[in-house]
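A.B. asks: Submitted below is the structure of interest, expressed as structure tokens.
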Amino acid sequence: MPHTSAPSASTPRLTVRSWFVDGLTPDAPPPFAGNIPTSSLDFLTQLPTSGFACWVRGRSGLVGIGRRLRLRARGEDRFHDLARQWDELVAAAEVDDRVALMGSGLVGFSAIAFAADSGVDSVIDVPEYILGRRDGRVWLTHVGGDEDPTQPAAQSDELIAGLQLTPTPLRDQRIVSRAPGHVSPERFEEIVALAASRLRSPEAGERKIVLARDEVITAEDDIDVRTVLGRLNAEFPSTWTFLVAGLVGATPELLIGVEDGAVHSRVLAGTYRVQDDPEKEVARARAHLGGRKDSVEHSYAIDSLASTLGPVTEELHVDPEPHLLQLANVIHLASDAHGRLSTRADGSRISPFEVAHAVHPTAAVGGTPRARAMDLISQFEEMDRGRYAGPVGWVDGYGNGQFGIALRCGQLEERNRIRLFAGAGIMPDSEPESERRETDAKFAPMRSALGVDWSPDTSH
Ligand SMILES: C=C(O[C@@H]1C=C(C(=O)O)C=C[C@H]1O)C(=O)O
């Protein structure tokens with residue numbers, strides 16, 4: 001559906017300025033005085049302990065500081081509603097972008113609920129400041145509100161000074177409890193058994209469904225998300241580390257990236273649990289993932305991606321064979337897809353929200369066929385997934401954006417409490433205990449980044 005970009009009377013007129021900060025003079029305010037923090041840890045210590053957003057992979061990405069505004073949507077139309085509100089905001093903004101890279105100018109961080117009937121808002125957060133880093137260049141964006149007409153004239157140094165970054169050491173929280181959430185491990189095994197037997201029944205119309213469970217980690221005092229992000233970034237360098245509206249994690253799966261008209265996606269399905277050392281277990285993982293269950297499961301994910309990306313892309317190319325994606329805790333079957341964003345007959349561009357909407361939920365987090373799997377999830381899973389397994393990422397004002405699938409993550413519910421989520425693809429021959437162990441392996445990154453003292457059960 002094409003979006004009109006005419007701003008409504010209530011749309012704020014943001015004043016946006018982006019400029020490179022990697023060549024600043026020594027008299028610029030810290031931390032930009034000629035030496036940008038060079039390590040991610042160095043930079044994390046500059047951030048406030050809360051009130052920021054992040055989308056970082058390795059040394060590149062975007063960090064938002066403060067919040068200028070939040071756009072919200074719910075229900076079936078949440079993707080369209082967010083896209084419309086975003087387009088209006090972009091159309092009304094006054095932008096002075098001296099950087100002109102993907103992710104410069106106006107940027108919003110977004111996290112979208114998995115299910116249309118979720119009681120949780122889908123959001124776009126627009127920060128006051130955005131720090132970007134890409135291809136070795138570093139830039140800063142300031143987003144001023146329409147209440148402050150003096151902003152356009154402000155000097156870069158004044159804007160930077162307004163950031164008021166005061167380094168505080170990263171803290172470690174003391175974890176006091178790890179408790180089952182709405183779906184306990186025992187209940188998870190029961191619903192996996194029920195789902196698998198349903199998939200085996202001759203009249204079943206579904207071939208695969210993804211079921212998840214949750215657990216609640218409570219700390220003695222505030223959780224320092226900077227520490228969590230720093231550990232995830234260091235331990236899982238190939239993942240996208242994110243923090244949007246309290247949803248924090250490190251996903252290995254890119255739902256869609258739209259960059260300069262190019263669309264790409266990384267789909268995962270099929271999981272081997274690492275017992276000790278992923279390097280030494282590659283051959284075993286290859287043998288395990290070459291089995292029928294995982295290769296069929298993977299082919300469902302590819303088919304669903306190709307058929308849903310098809311209508312919004314041209315020249316779509318999907319890897320002919322999956323490759324192994326090796327992480328510290330699991331090894332996945334992975335396939336990459338590339339294409340070009342289609343152009344509409346009326347010349348308007350397709351927004352990253354629409355591309356995300358087209359492919360969400362993939363068979364990797366929903367199932368096959370999609371609509372029936374979603375019905376079964378709401379029937380079997382006794383919880384609201386919230387933003388877990390939904391799209392999480394960023395968009396800019398030029399039609400670029402990246403959305404990962406929010407996996408290996410948790411939602412902060414209180415300053416000292418976080419709900420973690422993990423799921424697994426259920427096939428007719430799934431074994432409940434093995435699927436439960438797979439979810440434990442998928443909880444592991446967040447548990448260890450939070451400092452939960454817990455040794456995983458590594459037996460297969
Ligand atoms: C559902 C999750 O992971 C998904 C399910 C996978 C599987 O079943 O093999 C693999 C990767 C993800 O697409 C999760 O991490 O919570």
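Identifiers in this document derive from the order of the structure tokens: chains are assigned A, B, ..., residues are numbered from 1 separately in each chain, and ligands are numbered from 1 in order of occurrence.
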Excluding Arg207 (chain A) and residues on its chain fewer than 5 positions from it, collect all residues at most 9 Å away from it, counting only C-alpha atoms, and give them as a list of chain:residue names.

C.D. replies: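 Once the nearby chain positions are removed, what remains is A:Leu199, A:Arg200, A:Glu297, A:Tyr300, A:Gly367, A:Thr368, A:Pro369, A:Ala373, A:Ile426, A:Met427, A:Pro428.
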
A.B. asks: Keeping N, CA and C atoms for every residue in the selection just given, could you write it to a file as a compact mmCIF listing (two decimals), in the first residue's frame?

C.D. replies:
# COMPACT_ATOMS: atom_id res chain seq x y z
N LEU A 199 1.44 -32.58 14.34
CA LEU A 199 2.08 -32.52 13.02
C LEU A 199 2.14 -33.90 12.36
N ARG A 200 2.17 -34.95 13.20
CA ARG A 200 2.23 -36.32 12.65
C ARG A 200 0.87 -36.83 12.20
N GLU A 297 13.51 -28.69 7.63
CA GLU A 297 13.14 -27.50 8.39
C GLU A 297 13.75 -26.25 7.74
N TYR A 300 11.95 -25.21 4.50
CA TYR A 300 10.70 -24.46 4.74
C TYR A 300 11.00 -22.98 4.92
N GLY A 367 6.23 -20.72 11.40
CA GLY A 367 6.09 -22.11 10.97
C GLY A 367 5.59 -22.16 9.54
N THR A 368 5.19 -23.37 9.12
CA THR A 368 4.74 -23.59 7.74
C THR A 368 3.49 -24.46 7.74
N PRO A 369 2.43 -24.13 7.04
CA PRO A 369 2.19 -22.83 6.41
C PRO A 369 1.97 -21.75 7.47
N ALA A 373 0.26 -22.01 11.24
CA ALA A 373 1.26 -22.11 12.32
C ALA A 373 1.01 -21.03 13.37
N ILE A 426 9.57 -26.94 15.72
CA ILE A 426 9.05 -28.28 16.01
C ILE A 426 8.60 -28.95 14.71
N MET A 427 9.13 -30.16 14.49
CA MET A 427 8.81 -30.96 13.32
C MET A 427 8.09 -32.22 13.80
N PRO A 428 7.50 -33.01 12.87
CA PRO A 428 6.76 -34.19 13.32
C PRO A 428 7.61 -35.14 14.18

A.B. asks: List as a ChimeraX atom specification the protein and nucleic acid residues near Trp240 (chain A), meaning an atom at most 9 Å away when only C-alpha atoms are counted, but skip any in the same chain fewer than 4 places from it.

C.D. replies: /A:55-58,61,233,236,249-254,404

A.B. asks: I need the chosen residues saved as a short mmCIF file (atom, residue, chain, number, x, y, z; two decimals), in the first residue's frame, with all heavy atoms.

C.D. replies:
data_model
loop_
_atom_site.label_atom_id
_atom_site.label_comp_id
_atom_site.auth_asym_id
_atom_site.auth_seq_id
_atom_site.Cartn_x
_atom_site.Cartn_y
_atom_site.Cartn_z
N TRP A 55 22.10 -0.55 17.91
CA TRP A 55 22.09 -1.58 16.85
C TRP A 55 23.52 -1.64 16.33
O TRP A 55 23.96 -0.78 15.56
CB TRP A 55 21.11 -1.18 15.72
CG TRP A 55 21.17 -2.12 14.55
CD1 TRP A 55 21.92 -2.00 13.42
CD2 TRP A 55 20.46 -3.36 14.40
NE1 TRP A 55 21.72 -3.07 12.58
CE2 TRP A 55 20.82 -3.92 13.17
CE3 TRP A 55 19.55 -4.05 15.21
CZ2 TRP A 55 20.31 -5.13 12.70
CZ3 TRP A 55 19.04 -5.26 14.74
CH2 TRP A 55 19.41 -5.78 13.50
N VAL A 56 24.28 -2.59 16.82
CA VAL A 56 25.71 -2.62 16.52
C VAL A 56 26.12 -4.02 16.13
O VAL A 56 25.71 -5.01 16.76
CB VAL A 56 26.53 -2.16 17.76
CG1 VAL A 56 28.01 -2.40 17.55
CG2 VAL A 56 26.29 -0.69 18.07
N ARG A 57 26.94 -4.12 15.09
CA ARG A 57 27.54 -5.40 14.73
C ARG A 57 29.03 -5.17 14.62
O ARG A 57 29.47 -4.33 13.81
CB ARG A 57 26.98 -5.87 13.40
CG ARG A 57 27.43 -7.27 13.05
CD ARG A 57 26.92 -7.62 11.69
NE ARG A 57 26.98 -9.03 11.45
CZ ARG A 57 27.21 -9.54 10.25
NH1 ARG A 57 27.38 -8.75 9.22
NH2 ARG A 57 27.25 -10.84 10.09
N GLY A 58 29.79 -5.89 15.41
CA GLY A 58 31.24 -5.66 15.44
C GLY A 58 31.50 -4.23 15.85
O GLY A 58 31.07 -3.78 16.91
N GLY A 61 27.70 0.47 13.47
CA GLY A 61 26.30 0.50 13.88
C GLY A 61 25.86 1.86 14.34
O GLY A 61 26.50 2.88 14.05
N ASN A 233 28.44 -8.26 22.44
CA ASN A 233 29.20 -7.78 21.28
C ASN A 233 30.56 -8.47 21.19
O ASN A 233 31.03 -8.83 20.10
CB ASN A 233 29.36 -6.25 21.40
CG ASN A 233 30.12 -5.66 20.24
OD1 ASN A 233 31.32 -5.42 20.34
ND2 ASN A 233 29.45 -5.45 19.13
N PHE A 236 29.82 -12.55 20.65
CA PHE A 236 29.10 -12.95 19.43
C PHE A 236 29.30 -11.90 18.34
O PHE A 236 28.35 -11.20 17.96
CB PHE A 236 27.61 -13.14 19.74
CG PHE A 236 27.35 -14.19 20.77
CD1 PHE A 236 27.24 -13.85 22.11
CD2 PHE A 236 27.25 -15.52 20.41
CE1 PHE A 236 27.03 -14.83 23.08
CE2 PHE A 236 27.04 -16.51 21.36
CZ PHE A 236 26.93 -16.16 22.70
N GLY A 249 19.44 -7.81 23.26
CA GLY A 249 19.91 -9.12 22.85
C GLY A 249 20.92 -9.04 21.72
O GLY A 249 21.42 -7.96 21.39
N ALA A 250 21.22 -10.21 21.15
CA ALA A 250 22.19 -10.31 20.06
C ALA A 250 21.67 -11.35 19.08
O ALA A 250 21.73 -12.54 19.36
CB ALA A 250 23.55 -10.73 20.60
N THR A 251 21.14 -10.89 17.96
CA THR A 251 20.52 -11.85 17.03
C THR A 251 21.47 -12.23 15.89
O THR A 251 22.14 -11.36 15.33
CB THR A 251 19.21 -11.30 16.43
OG1 THR A 251 18.64 -12.32 15.59
CG2 THR A 251 19.39 -10.04 15.61
N PRO A 252 21.51 -13.52 15.55
CA PRO A 252 22.30 -13.93 14.40
C PRO A 252 21.50 -13.86 13.10
O PRO A 252 22.01 -14.16 12.03
CB PRO A 252 22.63 -15.39 14.73
CG PRO A 252 21.50 -15.86 15.60
CD PRO A 252 20.94 -14.65 16.30
N GLU A 253 20.21 -13.47 13.19
CA GLU A 253 19.33 -13.59 12.03
C GLU A 253 18.83 -12.22 11.57
O GLU A 253 18.16 -11.51 12.32
CB GLU A 253 18.14 -14.48 12.42
CG GLU A 253 17.27 -14.87 11.26
CD GLU A 253 16.54 -16.21 11.50
OE1 GLU A 253 16.66 -16.79 12.59
OE2 GLU A 253 15.83 -16.63 10.58
N LEU A 254 19.17 -11.87 10.32
CA LEU A 254 18.73 -10.59 9.76
C LEU A 254 17.46 -10.83 8.96
O LEU A 254 17.50 -11.50 7.92
CB LEU A 254 19.82 -10.00 8.86
CG LEU A 254 19.52 -8.60 8.33
CD1 LEU A 254 19.60 -7.57 9.45
CD2 LEU A 254 20.48 -8.23 7.21
N GLY A 404 16.49 -7.04 12.32
CA GLY A 404 16.83 -8.41 12.69
C GLY A 404 15.58 -9.07 13.24
O GLY A 404 14.56 -8.42 13.47
#

A.B. asks: Using only C-alpha atoms, which protein or nucleic acid residues come within 6 Å of region 342-345 of chain A? Drop anything in the same chain fewer than 4 positions from it, and give the result as a short mmCIF file (atom, residue, chain, number, x, y, z; two decimals) with N, CA and C atoms, in the first residue's frame.

C.D. replies:
data_model
loop_
_atom_site.label_atom_id
_atom_site.label_comp_id
_atom_site.auth_asym_id
_atom_site.auth_seq_id
_atom_site.Cartn_x
_atom_site.Cartn_y
_atom_site.Cartn_z
N VAL A 312 8.21 -8.07 -3.36
CA VAL A 312 8.76 -6.73 -3.09
C VAL A 312 10.18 -6.55 -3.63
N THR A 313 10.71 -7.58 -4.29
CA THR A 313 12.07 -7.48 -4.84
C THR A 313 12.13 -7.91 -6.30
N GLU A 314 13.23 -7.53 -6.93
CA GLU A 314 13.55 -8.03 -8.28
C GLU A 314 14.89 -8.72 -8.20
#

A.B. asks: Taking only residues of chain A that have an atom at most 6 Å from an atom of ligand 1, what is each one's shortest atom pair and its distance in Å to one decimal, using only C-alpha atoms and all ligand atoms, in chain and number order, as a Markdown table?

C.D. replies:
| residue | atom | partner | partner_atom_place_in_ligand_line | distance |
| --- | --- | --- | --- | --- |
| A:Leu268 | CA | ligand 1 | 13 (O) | 4.6 |
| A:Ala269 | CA | ligand 1 | 10 (C) | 4.0 |
| A:Gly270 | CA | ligand 1 | 9 (O) | 3.4 |
| A:Thr271 | CA | ligand 1 | 9 (O) | 4.1 |
| A:Ala364 | CA | ligand 1 | 13 (O) | 4.1 |
| A:Val365 | CA | ligand 1 | 1 (C) | 5.1 |
| A:Leu407 | CA | ligand 1 | 15 (O) | 4.7 |
| A:Arg408 | CA | ligand 1 | 15 (O) | 5.3 |
| A:Ala422 | CA | ligand 1 | 16 (O) | 3.4 |
| A:Gly423 | CA | ligand 1 | 16 (O) | 3.7 |
| A:Ala424 | CA | ligand 1 | 8 (O) | 3.8 |
| A:Gly425 | CA | ligand 1 | 8 (O) | 3.6 |
| A:Lys442 | CA | ligand 1 | 15 (O) | 5.4 |

A.B. asks: Mind the document's chain letters and residue numbers, and return as number ranges by chain the residues of region 128-212 of chain A that DSSP labels strand (DSSP E).

C.D. replies: A: 129-134, 137-144, 175-180, 208-212

A.B. asks: Run DSSP on the backbone and give me the residues of region 24-249 of chain A it puts in helix (DSSP H, G or I), as a ChimeraX atom specification.

C.D. replies: /A:40-44,78-92,151-153,156-163,185-200,225-235

A.B. asks: With a distance cut-off of 9 Å and only C-alpha atoms, select the neighbouring residues of region 389-394 of chain A, excluding the residue or stretch itself and same-chain residues fewer than 2 positions from it, and output the selection as a PyMOL selection string.

C.D. replies: chain A and resi 54-55+62+103+107-115+124+242-244+247+254-256+356-357+360-361+365-366+385-387+396+400-407+421-423

A.B. asks: Go ahead and save the picked residues with N, CA and C atoms, as a short mmCIF file (atom, residue, chain, number, x, y, z; two decimals), in the first residue's frame.

C.D. replies:
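Okay, part_11.cif is ready:
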data_model
loop_
_atom_site.label_atom_id
_atom_site.label_comp_id
_atom_site.auth_asym_id
_atom_site.auth_seq_id
_atom_site.Cartn_x
_atom_site.Cartn_y
_atom_site.Cartn_z
N CYS A 54 20.42 0.86 20.71
CA CYS A 54 21.64 0.39 20.05
C CYS A 54 21.34 -0.66 18.98
N TRP A 55 22.10 -0.55 17.91
CA TRP A 55 22.09 -1.58 16.85
C TRP A 55 23.52 -1.64 16.33
N LEU A 62 24.76 1.86 15.05
CA LEU A 62 24.12 3.10 15.49
C LEU A 62 23.80 3.00 16.97
N GLY A 103 21.91 5.54 7.51
CA GLY A 103 21.87 5.70 8.96
C GLY A 103 22.27 7.09 9.42
N VAL A 107 16.94 9.18 12.21
CA VAL A 107 16.96 7.73 12.43
C VAL A 107 16.00 7.38 13.55
N GLY A 108 15.27 6.29 13.35
CA GLY A 108 14.41 5.76 14.41
C GLY A 108 14.80 4.31 14.69
N PHE A 109 14.75 3.93 15.96
CA PHE A 109 14.99 2.54 16.35
C PHE A 109 13.63 1.91 16.56
N SER A 110 13.44 0.72 16.02
CA SER A 110 12.10 0.15 16.04
C SER A 110 12.09 -1.30 16.55
N ALA A 111 11.07 -1.63 17.30
CA ALA A 111 10.84 -3.02 17.73
C ALA A 111 9.35 -3.28 17.57
N ILE A 112 9.03 -4.38 16.89
CA ILE A 112 7.65 -4.64 16.49
C ILE A 112 7.17 -5.96 17.11
N ALA A 113 5.98 -5.92 17.67
CA ALA A 113 5.45 -7.11 18.34
C ALA A 113 5.33 -8.28 17.37
N PHE A 114 5.59 -9.49 17.88
CA PHE A 114 5.53 -10.69 17.05
C PHE A 114 4.12 -10.90 16.49
N ALA A 115 3.11 -10.81 17.36
CA ALA A 115 1.75 -11.17 16.96
C ALA A 115 0.84 -9.96 16.89
N ILE A 124 8.58 3.01 17.44
CA ILE A 124 9.77 3.62 16.84
C ILE A 124 10.23 4.66 17.85
N PHE A 242 21.47 -5.54 19.96
CA PHE A 242 20.44 -4.49 19.94
C PHE A 242 19.90 -4.15 21.32
N LEU A 243 19.42 -2.93 21.42
CA LEU A 243 18.66 -2.47 22.58
C LEU A 243 17.64 -1.47 22.05
N VAL A 244 16.39 -1.85 22.09
CA VAL A 244 15.32 -0.95 21.64
C VAL A 244 14.15 -1.10 22.62
N LEU A 247 14.22 -3.94 24.98
CA LEU A 247 14.43 -5.27 24.40
C LEU A 247 15.92 -5.37 24.07
N LEU A 254 19.17 -11.87 10.32
CA LEU A 254 18.73 -10.59 9.76
C LEU A 254 17.46 -10.83 8.96
N LEU A 255 16.35 -10.28 9.44
CA LEU A 255 15.09 -10.46 8.72
C LEU A 255 15.19 -9.80 7.36
N ILE A 256 15.48 -8.49 7.36
CA ILE A 256 15.72 -7.78 6.09
C ILE A 256 16.64 -6.59 6.32
N ALA A 356 9.60 -5.70 5.82
CA ALA A 356 9.58 -6.53 7.03
C ALA A 356 8.21 -7.19 7.20
N HIS A 357 7.17 -6.42 6.93
CA HIS A 357 5.81 -6.95 7.06
C HIS A 357 5.59 -8.12 6.11
N HIS A 360 7.57 -11.19 7.62
CA HIS A 360 7.32 -11.59 9.00
C HIS A 360 5.98 -12.28 9.16
N PRO A 361 5.84 -13.35 9.93
CA PRO A 361 6.93 -14.12 10.54
C PRO A 361 7.44 -15.18 9.56
N VAL A 365 10.56 -18.51 12.80
CA VAL A 365 9.99 -18.14 14.10
C VAL A 365 8.48 -18.38 14.18
N GLY A 366 7.85 -18.66 13.02
CA GLY A 366 6.41 -18.94 13.00
C GLY A 366 6.21 -20.42 12.66
N ARG A 385 4.26 -13.29 23.26
CA ARG A 385 5.70 -13.18 22.97
C ARG A 385 6.18 -11.73 23.05
N GLY A 386 5.24 -10.80 23.05
CA GLY A 386 5.65 -9.39 23.05
C GLY A 386 6.48 -9.10 21.80
N ARG A 387 7.66 -8.52 21.98
CA ARG A 387 8.50 -8.18 20.81
C ARG A 387 9.51 -9.27 20.49
N ASP A 396 16.04 4.89 8.47
CA ASP A 396 16.41 6.30 8.32
C ASP A 396 15.38 7.01 7.44
N ASN A 400 16.23 3.58 3.95
CA ASN A 400 17.11 2.49 4.36
C ASN A 400 16.68 1.96 5.73
N GLY A 401 17.06 0.75 6.02
CA GLY A 401 16.79 0.22 7.35
C GLY A 401 17.27 -1.21 7.46
N GLN A 402 17.42 -1.66 8.68
CA GLN A 402 17.76 -3.07 8.92
C GLN A 402 16.86 -3.56 10.04
N PHE A 403 16.28 -4.74 9.83
CA PHE A 403 15.50 -5.38 10.89
C PHE A 403 16.04 -6.79 11.11
N GLY A 404 16.49 -7.04 12.32
CA GLY A 404 16.83 -8.41 12.69
C GLY A 404 15.58 -9.07 13.24
N ILE A 405 15.66 -10.38 13.45
CA ILE A 405 14.58 -11.05 14.18
C ILE A 405 15.02 -11.05 15.64
N ALA A 406 14.17 -10.53 16.52
CA ALA A 406 14.55 -10.40 17.94
C ALA A 406 14.65 -11.76 18.61
N LEU A 407 15.84 -12.36 18.52
CA LEU A 407 16.13 -13.66 19.14
C LEU A 407 17.27 -13.47 20.12
N PHE A 421 13.57 -15.00 26.39
CA PHE A 421 12.76 -15.88 25.54
C PHE A 421 13.67 -16.76 24.68
N ALA A 422 13.22 -17.98 24.40
CA ALA A 422 13.93 -18.83 23.44
C ALA A 422 12.95 -19.85 22.89
N GLY A 423 13.13 -20.19 21.62
CA GLY A 423 12.21 -21.13 20.99
C GLY A 423 12.94 -22.11 20.10
#

A.B. asks: Quick one: residues within 8 Å of Thr218 (chain A), only C-alpha atoms counted, chain neighbours fewer than 3 positions away excluded, as a PyMOL selection string?

C.D. replies: chain A and resi 175-178+416-418

A.B. asks: Would you save the residues of that selection, restricted to C-alpha atoms, as a compact mmCIF listing (two decimals), in the first residue's frame?

C.D. replies:
# COMPACT_ATOMS: atom_id res chain seq x y z
CA ILE A 175 21.55 -12.08 40.12
CA VAL A 176 19.21 -13.25 42.84
CA SER A 177 16.88 -15.55 40.94
CA ARG A 178 16.24 -17.34 37.66
CA ASN A 416 16.21 -5.11 38.00
CA ARG A 417 14.12 -7.70 36.14
CA ILE A 418 14.31 -9.12 32.62

A.B. asks: Which residue is closest to Thr227 (chain A)? Choose from A:His182, A:Arg171, A:Lys280, A:Arg286 and count only C-alpha atoms.

C.D. replies: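 Among the listed residues, the smallest separation from Thr227 (chain A) belongs to A:Arg171.
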